[in-house]
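Accompanying notes for the structure given below.
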Amino acid sequence: MKSRYLPLLLVVGIAALPFVTDIALGRSWVRLLDFALLYAMLALGLNIVVGYAGLLDLGYVAFYAVGAYSYAMLASPHIGIHLPLYVLLPTGALLAAAFGALLGAPTLGLRGDYLAIVTMGFGEIIRIFLRNLSITNGPAGIDLIDPIAIGGFSFSASHTLFGFTLPGIYNYYFLFVGLTTLILLMSKRLEGSRIGRAWAAIREDEIAAKAMGLNTKNLKLLAFAMGATFGGISGVLFAGFQGFVSPESFTMNESVMILCMVVLGGMGHLRGVLLGALLLAILPEAFRPLAQLQQSAFDQVYLDPANLRMLLFAVALIAVMILRPEGLWPSPVRKRELHDKEGDDRPLPPSGQPTGSDSVPGHTGVSAADAGGVA
Amino acid sequence: MDIFLQQVINGLVQGSIYALVALGYTMVYGIIELVNFAHGEVVMVGALVSLSVIERLAARGYSGWTVIVIGLLLAVPACIALGLGIERVAYRPLRKAPRLAPLISAIGVSIALQQLAALIWGRNYLHYPDILPKTQYAIGGAVISEVQVVILIAAAVLMAGLWILVQRTRLGRAMRASAQNPAVAGLMGVDVNRIIATTFAVGSGLAAVAGALVGAYYNVGNHTMGFLLGLKAFTAAVLGGIGSLGGAMLGGLLLGVIENLGAGYMGKLTDGAVGSNYSDVFAFLMLVLVLVLRPSGLLGERGIEKV
Amino acid sequence: MSRLLHALFLSMAIVAVASCGKAESPAASGELVVKIGASNPLTGPQAHLGKDNENGTRMAIDDANAQNLTIGGRKVHFELLSEDDAADPKTGTIIAQKFVDQKVAGVIGHLNSGTTIPASRIYADAGIPQISPSATNPKYTHQGFKTAFRVIPNDTLQGKALGEFATGKLGVKTVAIIDDTTQYGEGLAARFEEAAKASGATVVTHEHTDDKATDFRAILTNVKAKSPDLIFYGGMDSQSGPMMKQIKALGVTSKFLTGDGGCSLEFITLAGADGEGIYCSMPGQPIDKMPKGPDFMKRFNAKYGEIQDYAPYCYDATMVLVQAMKKAESTDPEKYLKVLAGMDYDGVTTHVAFDENGDLKGGVITVFQVQGGKLVAHDILSSKP
């Protein structure tokens, strides 16, 4: 399986992908790939919070928004400031990290679902502010945002290379691939580092982790800040790529989608998360032609294609979760844990308890069911 | 006119609707620790089914509360069947799965129900016919309409009924036992699968009633109406302490009142700096404050975290 | 279970095949197929407006085909490509790219300003004309793109005319303003506020809700305490309808005025008897006063049911596009774009002509009053910037 040529093949494959896609499917699919990569960065960021540290975050899109708006405000005619990318990328990332810590601080003592609702509230608060403040130009959003440029090289412009004209979406593709790879590598290093192992300890059993002398508060804050950083970076890129930001790009639905990507792919497993992000970003578009196919097949529209498309998407979500509850591509360790549990010491079919190995603190094993019964 | 009293009345009515929906979240959570993300969509189906019935009856000239009751006679069974179906298809196979897996399938169910409702009832905002008397009562400088009174009474009666069901009946005891420890409850002869299904059925039945009341109160129904209501109710359940019935009721009423007072007074308190557009911010900040002081919600039992 | 998985893979394979096979279009011998794109939210809370827009565009395409037009000596057949952008800016840009890929001759859309603006950059790069029937954010046409047009007055004109109408014709002294914090509702309310203040009215309160709310009692109670002569709402019908009921339920007796988003049959249905006597405005002449208006309404109702909101504008937008191609004797965007910019066309909603930005020139705004469950033209205002 492991071949010496595999990495090389992978690189060639990734480099060739937009060209093949363009020829086979059209440019819109290259643009879709760009967005899929942005989602991949977001999912990798959320994976740190949910997958590594086990903190359920339903307001992750807030950090994406912070990154996007920081770029939009400082590189557009809105205020009249045009700062370059090498200033704004760190600014966006740091600002998002600060917001991450800001969110983390009051919520450290909260358990799983309580944390989920507070993070969701935080996401909504950010969106409400974006929508109402005059500095963010309210609901109208900010337009004419500078395209991303490094030195004199504008990513939005077409460039000619070896006689081929490559439109902006190609440039962004390679930029996003590069940054996604960077985030992947950083995540990989984090996972195995001292911090990563400490996160895993908190995820598996917070009390035990505390007893082992870990500073769980700081570690949780760090997880929020690190995750937010990647969200901020993705936001900066989104603003430059799209050229326009408005509050409607940062709804609660986006947070839910990103969470779905992480869980569906395989929480805590980088390859899985990447797969989940790419799949869920592409699936709704892939169902477009399928939904329209009924017209050519039956000569009549029985179900509205737009609804059918989202219906198929929903069914796919449910089906994947039922068939592979641990995610499409879970880490080998996790998979083993889950399958060991199956059919072991429980003679009774009914069981309200989540299996051990779980990811949300305070919900491990028996304590969960005891915590808050009906009435 | 007494503005404060009026805002409190508005808040209590809105809050009782939140409470009815929140009960569905909290019951399911109490037993299987699952945030039933699709619960808001069950409310929507309840509202639209009853709307379809009521519309047809109203077209034949019937009116009054009996029509709503007839609508409920169809909506409640429909929602119960839907709730049972969702549990069987999307949650039961995942009962042993990692915690977040059922959450994702619940999100899937939520999207699917919205799309199906759009296919069945169309995309337009539907009008809930004016069949109710528009009587107004004046109390202490504020007005309360008959619809509002009925919502308050209905919510109170249903919550009391549920309380009795859980605390005083055999079924309720089995529910509480299953919530405490399903394995031991099973050993004691409780059919835990049946109890979980019953919990879904009761929660969905309440959702149907809430849906019909929402329709009658706001006179509008749409396939997307459940999402926001569901989120608010979930927030209310968490505020009160998720898993606790009393908490859901208290949380619902409190959230309704907080929202109304927030929208009503934020402008005045801050001298116009932030207005009613920030009322949700206010509500969420209150929630964070409550949770920082009481991490398990107002009436939630403090979980003794065992190792 | 694995069968499900198989089905999933199979469907993926079908997708791949379907999208590959779509490249060749079935052009009959000698007939020129002209593709026109339409992008609207067909799922989500605004789906009812999206479908209405699609229907308006579709009817224009059908009418154009029925005319058996020849352009540049060839018989043409117009084909509508309708896509769902879910009111999401990102999806909007993907669809824009898709339309560019499919080499559409022009685009009618998008419905929301939030999707229209980012998409307009892609159309501009590709040189494809875009006419929005409903995006009213002034920014859309002020980005310097030669390809961006709209057939609806932007918020500035309407808000201003309504502010003057309220103080002048209705003679109100105190107004309460409510908006839904969308760029449409907030923009309209802000322009209204400026104009009302400038012509001597006092704004007693400016409240905000959001576009998904259904309960307005809290803000309405505040409004009631101020007992204004008039309540102005900047927002859509799906909210102003229920809002009207709550206004009456709280015993508020102020007059009520709203813009084109609330000037629809949907509003009348949702507000029921409580909607009687309110005022609302639509850009352009009253549809039954326009030469082609009544006929359009009759045919639209027969084919698709009631008009929700912007269907007539979509019809006009499509027709202007078609007429420009006919006049230029070319379906090549590069050639007919200049003709389009200088078009003069009598539409269903108004006389369509564009200014140097691509905005609708001048025009009038009609104020309607709801009487006996119908929209009755009350006054015609001239709108000057």
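Convention: chains lettered A, B, ... in structure tokens order; per-chain residue numbering from 1; ligands numbered from 1 as shown.
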
Set the cut-off to 7 Å and count only C-alpha atoms: what are the residues of chain B that reach chain C? Output as a VMD selection string. chain B and resid 3 7 10 123 to 125 127 143 218 to 220 224 260 263 to 264 275 to 277

Compile the residues of chain B that lie within 7 Å of chain A, evaluated using only C-alpha atoms, and express the compilation as a ChimeraX atom specification. /B:27,30-32,90,93-101,104-105,108-109,111-112,115,176,179-183,192-193,235,238,243-246,281,284,288,292,295,300-307

Residues of chain A within 9 Å of chain C, counting only C-alpha atoms - could you list those as a PyMOL selection string? chain A and resi 24-29+31-32+35+131-132+138-141+143-144+242-249+285-290+293+305-307+310+316+319-320+322-323

Ala156 (chain B) environment, 12 Å, only C-alpha atoms, sequence neighbours closer than 3 positions dropped, as a list in words: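 Here the qualifying residues turn out to be Leu12, Val13, Gly15, Ser16, Ile17, Ala19, Leu20, Val149, Val150, Ile151, Leu152, Ile153, Met159, Ala160, Gly161, Leu162, Trp163, Gly246, Met249, Leu250 and Leu253 of chain B.
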
Please extract the residues of region 91-338 of chain C with a backbone DSSP assignment of alpha helix (DSSP H) and present them as a VMD selection string. chain C and resid 91 to 101 113 to 126 155 to 168 183 to 198 217 to 226 237 to 249 265 to 271 293 to 304 311 to 328 333 to 338

Could you save the residues just selected, with C-alpha atoms, as a short mmCIF file (atom, residue, chain, number, x, y, z; two decimals), in the first residue's frame?
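Done, and the output landed in out.cif:
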```
data_model
loop_
_atom_site.label_atom_id
_atom_site.label_comp_id
_atom_site.auth_asym_id
_atom_site.auth_seq_id
_atom_site.Cartn_x
_atom_site.Cartn_y
_atom_site.Cartn_z
CA THR C 91 -23.60 29.89 -3.52
CA GLY C 92 -24.50 32.93 -5.61
CA THR C 93 -20.95 33.22 -6.90
CA ILE C 94 -20.79 29.51 -7.73
CA ILE C 95 -23.95 29.85 -9.76
CA ALA C 96 -22.61 32.97 -11.45
CA GLN C 97 -19.54 30.99 -12.48
CA LYS C 98 -21.77 28.19 -13.66
CA PHE C 99 -23.74 30.57 -15.87
CA VAL C 100 -20.48 31.89 -17.29
CA ASP C 101 -19.41 28.28 -18.00
CA SER C 113 -28.58 42.32 -2.91
CA GLY C 114 -26.32 40.09 -0.78
CA THR C 115 -26.07 37.55 -3.60
CA THR C 116 -26.30 40.06 -6.45
CA ILE C 117 -23.25 42.13 -5.50
CA PRO C 118 -20.59 39.40 -5.26
CA ALA C 119 -22.00 37.70 -8.36
CA SER C 120 -21.93 40.94 -10.36
CA ARG C 121 -18.13 40.90 -10.30
CA ILE C 122 -18.05 37.53 -12.03
CA TYR C 123 -20.54 38.59 -14.69
CA ALA C 124 -18.58 41.81 -15.21
CA ASP C 125 -15.33 39.86 -15.72
CA ALA C 126 -17.06 37.66 -18.27
CA ASP C 155 -34.16 52.37 -1.96
CA THR C 156 -33.10 56.00 -1.98
CA LEU C 157 -35.85 57.16 -4.33
CA GLN C 158 -38.67 55.24 -2.73
CA GLY C 159 -37.80 56.11 0.87
CA LYS C 160 -37.55 59.78 0.01
CA ALA C 161 -40.84 59.90 -1.86
CA LEU C 162 -42.63 58.08 0.95
CA GLY C 163 -41.23 60.41 3.61
CA GLU C 164 -42.56 63.38 1.70
CA PHE C 165 -45.87 61.65 1.06
CA ALA C 166 -46.37 60.96 4.77
CA THR C 167 -45.86 64.54 5.90
CA GLY C 168 -47.44 66.16 2.87
CA GLN C 183 -30.14 45.94 3.94
CA TYR C 184 -33.45 46.50 2.16
CA GLY C 185 -35.59 47.28 5.18
CA GLU C 186 -32.98 49.28 7.03
CA GLY C 187 -32.01 51.25 3.92
CA LEU C 188 -35.59 52.11 3.08
CA ALA C 189 -36.37 53.10 6.68
CA ALA C 190 -33.29 55.31 6.89
CA ARG C 191 -34.17 57.18 3.69
CA PHE C 192 -37.74 57.54 4.90
CA GLU C 193 -36.55 58.91 8.23
CA GLU C 194 -34.34 61.52 6.56
CA ALA C 195 -37.12 62.70 4.27
CA ALA C 196 -39.77 62.75 6.99
CA LYS C 197 -37.54 64.77 9.30
CA ALA C 198 -36.57 67.16 6.51
CA ARG C 217 -45.53 42.94 20.52
CA ALA C 218 -42.59 44.19 22.57
CA ILE C 219 -41.62 46.92 20.11
CA LEU C 220 -45.22 47.67 19.27
CA THR C 221 -45.97 48.25 22.94
CA ASN C 222 -43.19 50.84 22.91
CA VAL C 223 -44.65 52.39 19.80
CA LYS C 224 -48.11 52.46 21.37
CA ALA C 225 -46.77 54.38 24.35
CA LYS C 226 -45.63 57.15 21.98
CA ASP C 237 -44.83 41.17 3.63
CA SER C 238 -44.33 37.92 5.53
CA GLN C 239 -43.72 40.09 8.56
CA SER C 240 -45.76 43.20 8.00
CA GLY C 241 -48.89 41.01 7.68
CA PRO C 242 -48.64 39.42 11.13
CA MET C 243 -47.32 42.74 12.49
CA MET C 244 -50.49 44.49 11.34
CA LYS C 245 -52.60 41.99 13.29
CA GLN C 246 -50.56 42.60 16.41
CA ILE C 247 -50.86 46.36 15.96
CA LYS C 248 -54.65 46.05 15.98
CA ALA C 249 -54.62 43.52 18.82
CA LEU C 265 -51.36 40.14 -1.95
CA GLU C 266 -49.44 38.12 0.59
CA PHE C 267 -49.70 41.08 2.94
CA ILE C 268 -53.43 41.35 2.42
CA THR C 269 -53.90 37.64 3.03
CA LEU C 270 -51.75 37.62 6.15
CA ALA C 271 -53.15 40.82 7.64
CA GLY C 293 -50.45 45.44 -17.12
CA PRO C 294 -53.91 43.89 -16.89
CA ASP C 295 -53.14 41.38 -19.61
CA PHE C 296 -49.94 40.37 -17.82
CA MET C 297 -51.74 39.94 -14.54
CA LYS C 298 -54.49 37.84 -16.06
CA ARG C 299 -52.09 35.53 -17.81
CA PHE C 300 -49.75 35.24 -14.84
CA ASN C 301 -52.59 34.39 -12.50
CA ALA C 302 -53.88 31.74 -14.86
CA LYS C 303 -50.46 30.15 -15.22
CA TYR C 304 -48.81 30.47 -11.81
CA ALA C 311 -42.54 38.72 -10.88
CA PRO C 312 -43.56 41.68 -13.11
CA TYR C 313 -40.07 43.18 -12.72
CA CYS C 314 -38.54 39.86 -13.73
CA TYR C 315 -40.79 39.83 -16.75
CA ASP C 316 -39.66 43.32 -17.72
CA ALA C 317 -36.01 42.54 -17.08
CA THR C 318 -36.17 39.50 -19.33
CA MET C 319 -38.09 41.32 -22.04
CA VAL C 320 -35.66 44.24 -22.06
CA LEU C 321 -32.83 41.77 -22.50
CA VAL C 322 -34.59 40.01 -25.37
CA GLN C 323 -35.53 43.28 -27.07
CA ALA C 324 -31.94 44.51 -26.80
CA MET C 325 -30.72 41.36 -28.54
CA LYS C 326 -33.32 41.80 -31.23
CA LYS C 327 -32.40 45.43 -31.72
CA ALA C 328 -28.69 44.65 -31.88
CA PRO C 333 -23.13 40.03 -25.06
CA GLU C 334 -20.25 42.07 -26.39
CA LYS C 335 -22.42 43.39 -29.20
CA TYR C 336 -25.79 43.88 -27.55
CA LEU C 337 -24.55 45.24 -24.22
CA LYS C 338 -24.23 48.76 -25.62
#
```

Please list as an NGL selection string every residue within 10 Å of Gly205 (chain B), counting only C-alpha atoms and excluding residues in the same chain fewer than 3 positions away. :B and (24 or 42-43 or 46 or 72 or 75-83 or 199-202 or 208-211)

Figure out the distance between CA of Ala64 (chain C) and CA of Phe78 (chain C), please, to one decimal in Å.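 Computing the Euclidean distance for CA of Phe78 (chain C) and CA of Ala64 (chain C) yields 7.4 Å.
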
Interatomic distance, CA of Asp57 (chain A) to CA of Val290 (chain B) (Å, one decimal):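 A separation of 18.7 Å between them.
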
Neighbouring residues of region 60-67 of chain A were defined as those with any atom within 6 Å, considering only C-alpha atoms; residues of the same chain fewer than 4 positions away were excluded. Please report them as a ChimeraX atom specification. /A:92,96,123,228,231-232,235-236,250,255

Could you check which of B:Arg173, B:Met188, B:Val89, B:Tyr217 is closest to Ile131 (chain B), using only C-alpha atoms?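 Once distances to Ile131 (chain B) are computed over only C-alpha atoms, the minimum belongs to B:Tyr217.
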
May I ask for the distance between CA of Ile128 (chain C) and CA of Ala239 (chain A), given in Å to one decimal place? 23.5 Å

Could you check which of A:Leu175, A:Leu103, A:Leu10, A:Leu17 is closest to Leu285 (chain B), using only C-alpha atoms?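 Smallest distance to Leu285 (chain B) is found for A:Leu103.
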
Residue set, region 3-206 of chain C restricted to strand (DSSP E or B), as a PyMOL selection string: chain C and resi 32-40+70-71+74-84+106-109+130-132+148-150+174-179+202-206

Same residues, N, CA and C atoms, output as a tab-separated table (two decimals), in the first residue's frame:
```tsv
chain	number	residue	atom	x	y	z
C	32	LEU	N	-31.18	28.89	-33.30
C	32	LEU	CA	-30.15	29.35	-32.38
C	32	LEU	C	-30.70	29.29	-30.96
C	33	VAL	N	-30.03	28.52	-30.10
C	33	VAL	CA	-30.51	28.44	-28.71
C	33	VAL	C	-29.79	29.49	-27.88
C	34	VAL	N	-30.58	30.36	-27.27
C	34	VAL	CA	-30.01	31.42	-26.44
C	34	VAL	C	-30.35	31.11	-24.98
C	35	LYS	N	-29.29	30.96	-24.17
C	35	LYS	CA	-29.53	30.61	-22.76
C	35	LYS	C	-29.59	31.87	-21.91
C	36	ILE	N	-30.58	31.91	-21.05
C	36	ILE	CA	-30.69	33.01	-20.11
C	36	ILE	C	-30.72	32.43	-18.70
C	37	GLY	N	-29.88	32.97	-17.86
C	37	GLY	CA	-29.79	32.43	-16.50
C	37	GLY	C	-30.71	33.19	-15.55
C	38	ALA	N	-31.24	32.47	-14.55
C	38	ALA	CA	-32.03	33.12	-13.50
C	38	ALA	C	-31.62	32.48	-12.18
C	39	SER	N	-31.23	33.31	-11.23
C	39	SER	CA	-30.79	32.76	-9.96
C	39	SER	C	-31.57	33.40	-8.83
C	40	ASN	N	-32.23	32.58	-8.05
C	40	ASN	CA	-33.07	33.06	-6.95
C	40	ASN	C	-33.01	32.06	-5.80
C	70	THR	N	-36.52	36.32	-34.92
C	70	THR	CA	-35.28	36.00	-35.62
C	70	THR	C	-34.27	37.07	-35.25
C	71	ILE	N	-33.09	36.62	-34.90
C	71	ILE	CA	-32.03	37.56	-34.56
C	71	ILE	C	-30.85	37.29	-35.48
C	74	ARG	N	-31.38	34.48	-37.95
C	74	ARG	CA	-31.63	33.09	-37.52
C	74	ARG	C	-32.78	33.05	-36.53
C	75	LYS	N	-33.56	32.01	-36.62
C	75	LYS	CA	-34.64	31.83	-35.68
C	75	LYS	C	-34.02	31.51	-34.31
C	76	VAL	N	-34.54	32.14	-33.27
C	76	VAL	CA	-33.94	31.87	-31.96
C	76	VAL	C	-34.94	31.18	-31.03
C	77	HIS	N	-34.35	30.37	-30.16
C	77	HIS	CA	-35.15	29.74	-29.12
C	77	HIS	C	-34.48	30.06	-27.78
C	78	PHE	N	-35.24	30.68	-26.87
C	78	PHE	CA	-34.66	31.04	-25.58
C	78	PHE	C	-34.84	29.90	-24.59
C	79	GLU	N	-33.78	29.67	-23.84
C	79	GLU	CA	-33.84	28.58	-22.86
C	79	GLU	C	-33.51	29.16	-21.48
C	80	LEU	N	-34.36	28.86	-20.50
C	80	LEU	CA	-34.15	29.38	-19.15
C	80	LEU	C	-33.36	28.39	-18.31
C	81	LEU	N	-32.26	28.87	-17.72
C	81	LEU	CA	-31.53	28.04	-16.76
C	81	LEU	C	-31.79	28.63	-15.38
C	82	SER	N	-32.59	27.93	-14.60
C	82	SER	CA	-32.94	28.47	-13.28
C	82	SER	C	-32.18	27.72	-12.19
C	83	GLU	N	-31.55	28.49	-11.30
C	83	GLU	CA	-30.79	27.86	-10.22
C	83	GLU	C	-31.19	28.43	-8.86
C	84	ASP	N	-30.94	27.64	-7.84
C	84	ASP	CA	-31.26	28.01	-6.47
C	84	ASP	C	-30.00	28.54	-5.79
C	106	GLY	N	-27.32	36.26	-20.95
C	106	GLY	CA	-27.63	37.29	-19.98
C	106	GLY	C	-28.20	36.63	-18.74
C	107	VAL	N	-28.23	37.41	-17.64
C	107	VAL	CA	-28.71	36.85	-16.38
C	107	VAL	C	-29.79	37.76	-15.81
C	108	ILE	N	-30.88	37.15	-15.33
C	108	ILE	CA	-31.91	37.89	-14.61
C	108	ILE	C	-31.75	37.51	-13.14
C	109	GLY	N	-31.27	38.42	-12.32
C	109	GLY	CA	-31.09	38.07	-10.91
C	109	GLY	C	-29.93	38.83	-10.31
C	130	GLN	N	-26.22	41.62	-16.66
C	130	GLN	CA	-27.00	41.11	-15.54
C	130	GLN	C	-28.05	42.16	-15.22
C	131	ILE	N	-29.31	41.75	-15.13
C	131	ILE	CA	-30.35	42.70	-14.73
C	131	ILE	C	-30.99	42.16	-13.46
C	132	SER	N	-30.88	42.91	-12.39
C	132	SER	CA	-31.55	42.45	-11.18
C	132	SER	C	-32.95	43.03	-11.12
C	148	ALA	N	-23.88	45.72	-15.06
C	148	ALA	CA	-24.89	45.64	-14.00
C	148	ALA	C	-26.04	46.62	-14.24
C	149	PHE	N	-27.27	46.07	-14.30
C	149	PHE	CA	-28.46	46.88	-14.48
C	149	PHE	C	-29.52	46.49	-13.47
C	150	ARG	N	-30.47	47.36	-13.26
C	150	ARG	CA	-31.64	46.92	-12.50
C	150	ARG	C	-32.89	47.64	-13.00
C	174	THR	N	-46.16	63.09	13.74
C	174	THR	CA	-45.26	62.21	14.49
C	174	THR	C	-45.25	60.83	13.83
C	175	VAL	N	-44.05	60.28	13.66
C	175	VAL	CA	-43.97	58.95	13.06
C	175	VAL	C	-43.11	58.02	13.93
C	176	ALA	N	-43.49	56.75	13.93
C	176	ALA	CA	-42.66	55.70	14.53
C	176	ALA	C	-42.15	54.84	13.39
C	177	ILE	N	-40.87	54.49	13.43
C	177	ILE	CA	-40.29	53.72	12.33
C	177	ILE	C	-39.85	52.37	12.86
C	178	ILE	N	-40.15	51.31	12.11
C	178	ILE	CA	-39.68	49.97	12.45
C	178	ILE	C	-38.97	49.41	11.22
C	179	ASP	N	-37.82	48.79	11.39
C	179	ASP	CA	-37.23	48.11	10.24
C	179	ASP	C	-36.76	46.71	10.63
C	202	THR	N	-41.76	64.64	13.29
C	202	THR	CA	-40.92	64.20	14.40
C	202	THR	C	-40.92	62.68	14.43
C	203	VAL	N	-39.70	62.11	14.49
C	203	VAL	CA	-39.61	60.65	14.61
C	203	VAL	C	-39.58	60.33	16.10
C	204	VAL	N	-40.69	59.74	16.60
C	204	VAL	CA	-40.78	59.53	18.05
C	204	VAL	C	-39.99	58.30	18.50
C	205	THR	N	-39.87	57.32	17.63
C	205	THR	CA	-39.04	56.16	17.97
C	205	THR	C	-38.66	55.42	16.70
C	206	HIS	N	-37.50	54.79	16.71
C	206	HIS	CA	-37.07	53.95	15.60
C	206	HIS	C	-36.72	52.59	16.18
```
